[in-house]
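Asker: One structure, pasted below without further comment.
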Amino acid sequence: MARELLSEADFIAALRDLSDRYWDRHPFHRRLHAGALTKPELQLWAANRWYYQCQLPQKDGAIIASCPVPEVRRMWLERIVYHDGRAAGEGGAENWLRLAEAVGLDRAEVLDQRHVLPGVRFAVDAYVTFARTRSWIEGVASGLTEMFSPNLMRRRLADMRLHYPWIGEAGFAYFMSRLGVISGEGRSTLDIVVRSCETREQQDAAVAALAFKCDVLQAVLDSIDYACKQLQS
């Protein structure tokens, strides 16, 4: 017997209830915001977060490839453009490289991924595989972590400027650019998911997809946090 479809309000509530699993609660992020990270730890974070950033366009491309809805494909294409830019030297990925340089890394050592930890690579690759192998609705729903991040982005920008004043202002271009788009992305993504889930099974799968994404982000920080503790020992 088919389970009853959740009301729109209850469905949205089920998605928002996952906010306490977002990576802003992770001990590593708490130390980052408290100004407790050393320069080598910030460098390790920036180099490993780069692997996540550079894989996002491939994840988004996989969603587009399996989506039969032109309106959604057109909307989602803008995410790839945002990360890759419309030309070389533009986009979110380029801005993250500027942050990596601002914390003292050479661009070449970030691009060749020599600092990427096995656990980070495993988690991020699993996310891309998820987008390639699950339904497009689940892929879109996994991106609903955007709902949880606007306040985090503002706080991170303020806290990093306060606690790490040696980072040049150019290094904060990524966070500045995200502030301008992230709230709109979160609302449009939520609208797509709510509108497209026509059965309870699809709703449950969307909630599970968002939970999976939260687990991916936690796994990324678990690996970075563990490696940072090894630097201290």
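How things are named: the first chain in the structure tokens is A, the next is B, and so on; residues count from 1 in each chain; ligands count from 1 in the order shown.
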Per residue of stretch 163-214 of chain A within 8 Å of stretch 8-28 of chain A, what are the shortest atom pair and its distance in Å to one decimal, counting only C-alpha atoms, with rows by chain and residue number, as a tab-separated table?
Answerer:
residue	atom	partner	partner_atom	distance
A:Val194	CA	A:Glu8	CA	6.9
A:Gln203	CA	A:Phe11	CA	7.1
A:Val207	CA	A:Leu15	CA	5.7
A:Leu210	CA	A:Leu15	CA	7.3
A:Ala211	CA	A:Leu18	CA	6.7
A:Cys214	CA	A:Tyr22	CA	5.4
Asker: May I have all residues of stretch 3-228 of chain A that DSSP, computed from the backbone, assigns to helix (DSSP H, G or I), given as an NGL selection string?
Answerer: :A and (8-21 or 23-25 or 27-33 or 39-66 or 70-84 or 92-102 or 107-111 or 118-133 or 136-148 or 150-163 or 169-179 or 182-196 or 200-228)
Asker: Do you have, as JSON lines, the list of residues of stretch 156-205 of chain A lying at most 12 Å from stretch 38-48 of chain A, each with its nearest atom pair and that distance in Å to one decimal, counting only C-alpha atoms and ordered by chain then number?
Answerer:
{"residue": "A:Met160", "atom": "CA", "partner": "A:Leu42", "partner_atom": "CA", "distance": 10.6}
{"residue": "A:His163", "atom": "CA", "partner": "A:Thr38", "partner_atom": "CA", "distance": 10.8}
{"residue": "A:Tyr164", "atom": "CA", "partner": "A:Lys39", "partner_atom": "CA", "distance": 9.0}
{"residue": "A:Pro165", "atom": "CA", "partner": "A:Lys39", "partner_atom": "CA", "distance": 11.7}
{"residue": "A:Trp166", "atom": "CA", "partner": "A:Lys39", "partner_atom": "CA", "distance": 9.9}
{"residue": "A:Ile167", "atom": "CA", "partner": "A:Lys39", "partner_atom": "CA", "distance": 10.0}
{"residue": "A:Gly171", "atom": "CA", "partner": "A:Ala46", "partner_atom": "CA", "distance": 10.8}
{"residue": "A:Tyr174", "atom": "CA", "partner": "A:Ala46", "partner_atom": "CA", "distance": 11.8}
Asker: Would you save the residues of that selection, restricted to N, CA, C and O atoms, as a PDB file, in the first residue's frame?
Answerer:
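The file below, out.pdb, is the result:
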ATOM      1  N   MET A 160      36.764  34.996   9.708  1.00  0.00           N
ATOM      2  CA  MET A 160      38.083  34.854   9.104  1.00  0.00           C
ATOM      3  C   MET A 160      38.776  36.202   8.966  1.00  0.00           C
ATOM      4  O   MET A 160      39.995  36.313   9.159  1.00  0.00           O
ATOM      5  N   HIS A 163      39.946  36.884  12.693  1.00  0.00           N
ATOM      6  CA  HIS A 163      40.944  36.022  13.327  1.00  0.00           C
ATOM      7  C   HIS A 163      42.170  35.732  12.461  1.00  0.00           C
ATOM      8  O   HIS A 163      43.214  35.332  12.989  1.00  0.00           O
ATOM      9  N   TYR A 164      42.030  35.922  11.155  1.00  0.00           N
ATOM     10  CA  TYR A 164      43.170  35.645  10.269  1.00  0.00           C
ATOM     11  C   TYR A 164      43.428  36.882   9.401  1.00  0.00           C
ATOM     12  O   TYR A 164      43.311  36.837   8.177  1.00  0.00           O
ATOM     13  N   PRO A 165      43.797  38.006  10.029  1.00  0.00           N
ATOM     14  CA  PRO A 165      43.954  39.260   9.290  1.00  0.00           C
ATOM     15  C   PRO A 165      45.097  39.234   8.276  1.00  0.00           C
ATOM     16  O   PRO A 165      45.160  40.111   7.406  1.00  0.00           O
ATOM     17  N   TRP A 166      45.949  38.228   8.366  1.00  0.00           N
ATOM     18  CA  TRP A 166      47.057  38.101   7.418  1.00  0.00           C
ATOM     19  C   TRP A 166      46.593  37.608   6.044  1.00  0.00           C
ATOM     20  O   TRP A 166      47.348  37.662   5.069  1.00  0.00           O
ATOM     21  N   ILE A 167      45.355  37.115   5.962  1.00  0.00           N
ATOM     22  CA  ILE A 167      44.809  36.703   4.664  1.00  0.00           C
ATOM     23  C   ILE A 167      44.385  37.953   3.906  1.00  0.00           C
ATOM     24  O   ILE A 167      43.578  38.750   4.403  1.00  0.00           O
ATOM     25  N   GLY A 171      41.564  37.049  -1.036  1.00  0.00           N
ATOM     26  CA  GLY A 171      41.301  35.662  -0.675  1.00  0.00           C
ATOM     27  C   GLY A 171      39.868  35.397  -0.279  1.00  0.00           C
ATOM     28  O   GLY A 171      39.450  34.233  -0.189  1.00  0.00           O
ATOM     29  N   TYR A 174      35.678  34.326  -2.905  1.00  0.00           N
ATOM     30  CA  TYR A 174      34.722  33.215  -3.009  1.00  0.00           C
ATOM     31  C   TYR A 174      33.530  33.443  -2.088  1.00  0.00           C
ATOM     32  O   TYR A 174      32.378  33.307  -2.507  1.00  0.00           O
TER      33      TYR A 174
END
Asker: Report the distance between atom CA of A:Gly89 and atom CA of A:Trp76 in Å, rounded to one decimal place.
Answerer: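 Taking atom CA of A:Gly89 as the start and atom CA of A:Trp76 as the end point, the length is 21.3 Å.
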Asker: Using only C-alpha atoms, what does the table of stretch 23-90 of chain A residues within 9 Å of stretch 137-141 of chain A look like, with each row giving the shortest atom pair and its distance in Å to one decimal, sorted by chain and ascending number, as JSON lines?
Answerer:
{"residue": "A:Lys59", "atom": "CA", "partner": "A:Gly139", "partner_atom": "CA", "distance": 8.3}
{"residue": "A:Asp60", "atom": "CA", "partner": "A:Gly139", "partner_atom": "CA", "distance": 8.3}
{"residue": "A:Ala62", "atom": "CA", "partner": "A:Gly139", "partner_atom": "CA", "distance": 8.5}
{"residue": "A:Ile63", "atom": "CA", "partner": "A:Gly139", "partner_atom": "CA", "distance": 5.9}
{"residue": "A:Cys67", "atom": "CA", "partner": "A:Ile137", "partner_atom": "CA", "distance": 8.0}
{"residue": "A:Trp76", "atom": "CA", "partner": "A:Val140", "partner_atom": "CA", "distance": 8.9}
Asker: Write the residues of the preceding selection, restricted to N, CA, C and O atoms, as an mmCIF file, in the first residue's frame.
Answerer:
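File again-v5.cif, as written:
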data_model
loop_
_atom_site.group_PDB
_atom_site.id
_atom_site.type_symbol
_atom_site.label_atom_id
_atom_site.label_comp_id
_atom_site.auth_asym_id
_atom_site.auth_seq_id
_atom_site.Cartn_x
_atom_site.Cartn_y
_atom_site.Cartn_z
ATOM 1 N N LYS A 59 29.454 17.072 -10.893
ATOM 2 C CA LYS A 59 28.229 16.627 -10.216
ATOM 3 C C LYS A 59 27.000 17.268 -10.854
ATOM 4 O O LYS A 59 25.999 16.594 -11.144
ATOM 5 N N ASP A 60 27.076 18.566 -11.099
ATOM 6 C CA ASP A 60 25.944 19.273 -11.696
ATOM 7 C C ASP A 60 25.701 18.827 -13.133
ATOM 8 O O ASP A 60 24.555 18.746 -13.590
ATOM 9 N N ALA A 62 26.180 15.845 -14.233
ATOM 10 C CA ALA A 62 25.520 14.542 -14.143
ATOM 11 C C ALA A 62 24.029 14.700 -13.892
ATOM 12 O O ALA A 62 23.206 13.951 -14.438
ATOM 13 N N ILE A 63 23.655 15.678 -13.087
ATOM 14 C CA ILE A 63 22.239 15.937 -12.825
ATOM 15 C C ILE A 63 21.544 16.379 -14.102
ATOM 16 O O ILE A 63 20.456 15.898 -14.449
ATOM 17 N N CYS A 67 18.279 14.676 -16.318
ATOM 18 C CA CYS A 67 17.034 15.419 -16.099
ATOM 19 C C CYS A 67 16.279 15.617 -17.412
ATOM 20 O O CYS A 67 16.828 16.179 -18.368
ATOM 21 N N TRP A 76 19.808 24.717 -13.932
ATOM 22 C CA TRP A 76 20.958 24.039 -13.305
ATOM 23 C C TRP A 76 22.256 24.338 -14.045
ATOM 24 O O TRP A 76 23.339 24.335 -13.449
#
Asker: Pick the closest to A:Ala206 from A:Asn151, A:Gln232, A:Leu157, A:Ser142: which is it, counting only C-alpha atoms?
Answerer: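 For A:Ala206, the nearest of the candidates is A:Ser142.
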